[in-house]
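K.L.:
Quick one: structure below, then a few questions.
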Amino acid sequence: MAERKAVGSKPQIKFEFVKGDLRLVGWNNDEILAKTDEETISLQQDGDEIRVSCQDDLAINVPKNSKVHILTVNGDMSVRGL
């Protein structure tokens, strides 16, 4: 499953929990692109703040100027381009 969400160039993204692996990549688009194997992702937006939670592995692209706060990842994590 893939989900896109327009978020602007400097969103604040809070990863509440990812139950599997997290692959986080910065890119030059003003949107989030989240990919997971199942429909187990929640992207909730309140202004510039986006709350992310996922019950599985998650690959996600976010704007390069994002402020990112990661609370819980149960698997491996990689971060590039932020």
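FYI, nothing fancy with the structure tokens labels: chains A, B, ... in order, residues from 1 per chain, ligands from 1 as they appear.
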Near Ile70 in chain A, within 12 Å and counting only C-alpha atoms, which residues show up once chain neighbours fewer than 5 positions away are dropped, as a list in words?
P.N.:
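My reading of the contact set: Gln12, Ile13, Lys14, Phe15, Glu16, Phe17, Val18, Leu22, Leu24, Ile50, Arg51, Val52, Ser53, Met77, Ser78 and Val79 of chain A.
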K.L.:
If you keep C-alpha atoms, can you produce a file of those selected residues as an mmCIF file, in the first residue's frame?
P.N.:
```cif
data_model
loop_
_atom_site.group_PDB
_atom_site.id
_atom_site.type_symbol
_atom_site.label_atom_id
_atom_site.label_comp_id
_atom_site.auth_asym_id
_atom_site.auth_seq_id
_atom_site.Cartn_x
_atom_site.Cartn_y
_atom_site.Cartn_z
ATOM 1 C CA GLN A 12 6.761 18.612 11.786
ATOM 2 C CA ILE A 13 6.513 14.829 11.604
ATOM 3 C CA LYS A 14 6.043 12.754 14.741
ATOM 4 C CA PHE A 15 6.529 9.004 14.409
ATOM 5 C CA GLU A 16 4.478 7.707 17.336
ATOM 6 C CA PHE A 17 5.291 4.057 16.653
ATOM 7 C CA VAL A 18 6.477 1.770 13.878
ATOM 8 C CA LEU A 22 11.595 2.218 9.364
ATOM 9 C CA LEU A 24 13.121 7.385 6.276
ATOM 10 C CA ILE A 50 1.739 15.029 11.003
ATOM 11 C CA ARG A 51 1.464 12.028 13.324
ATOM 12 C CA VAL A 52 2.555 8.702 11.832
ATOM 13 C CA SER A 53 1.942 5.220 13.163
ATOM 14 C CA MET A 77 15.877 2.122 11.258
ATOM 15 C CA SER A 78 17.726 3.976 8.513
ATOM 16 C CA VAL A 79 17.627 7.730 7.821
#
```
K.L.:
Got a sec: who's within 7 Å of Gly75 in chain A, counting only C-alpha atoms, leaving out chain neighbours fewer than 2 positions off, as a list in words?
P.N.:
Lys19, Gly20, Asp21, Val73 and Met77 of chain A
K.L.:
What would the file look like if the residues just selected were written as an mmCIF file, in the first residue's frame with C-alpha atoms?
P.N.:
```cif
data_model
loop_
_atom_site.group_PDB
_atom_site.id
_atom_site.type_symbol
_atom_site.label_atom_id
_atom_site.label_comp_id
_atom_site.auth_asym_id
_atom_site.auth_seq_id
_atom_site.Cartn_x
_atom_site.Cartn_y
_atom_site.Cartn_z
ATOM 1 C CA LYS A 19 6.087 -1.898 14.788
ATOM 2 C CA GLY A 20 8.590 -3.043 12.140
ATOM 3 C CA ASP A 21 11.546 -1.489 10.302
ATOM 4 C CA VAL A 73 10.614 1.804 16.230
ATOM 5 C CA MET A 77 15.877 2.122 11.258
#
```
K.L.:
Which of chain A counts as strand (DSSP E) under DSSP, as a ChimeraX atom specification please?
P.N.:
/A:2-6,12-18,22-27,31-35,41-46,49-54,58-63,67-70,77-80
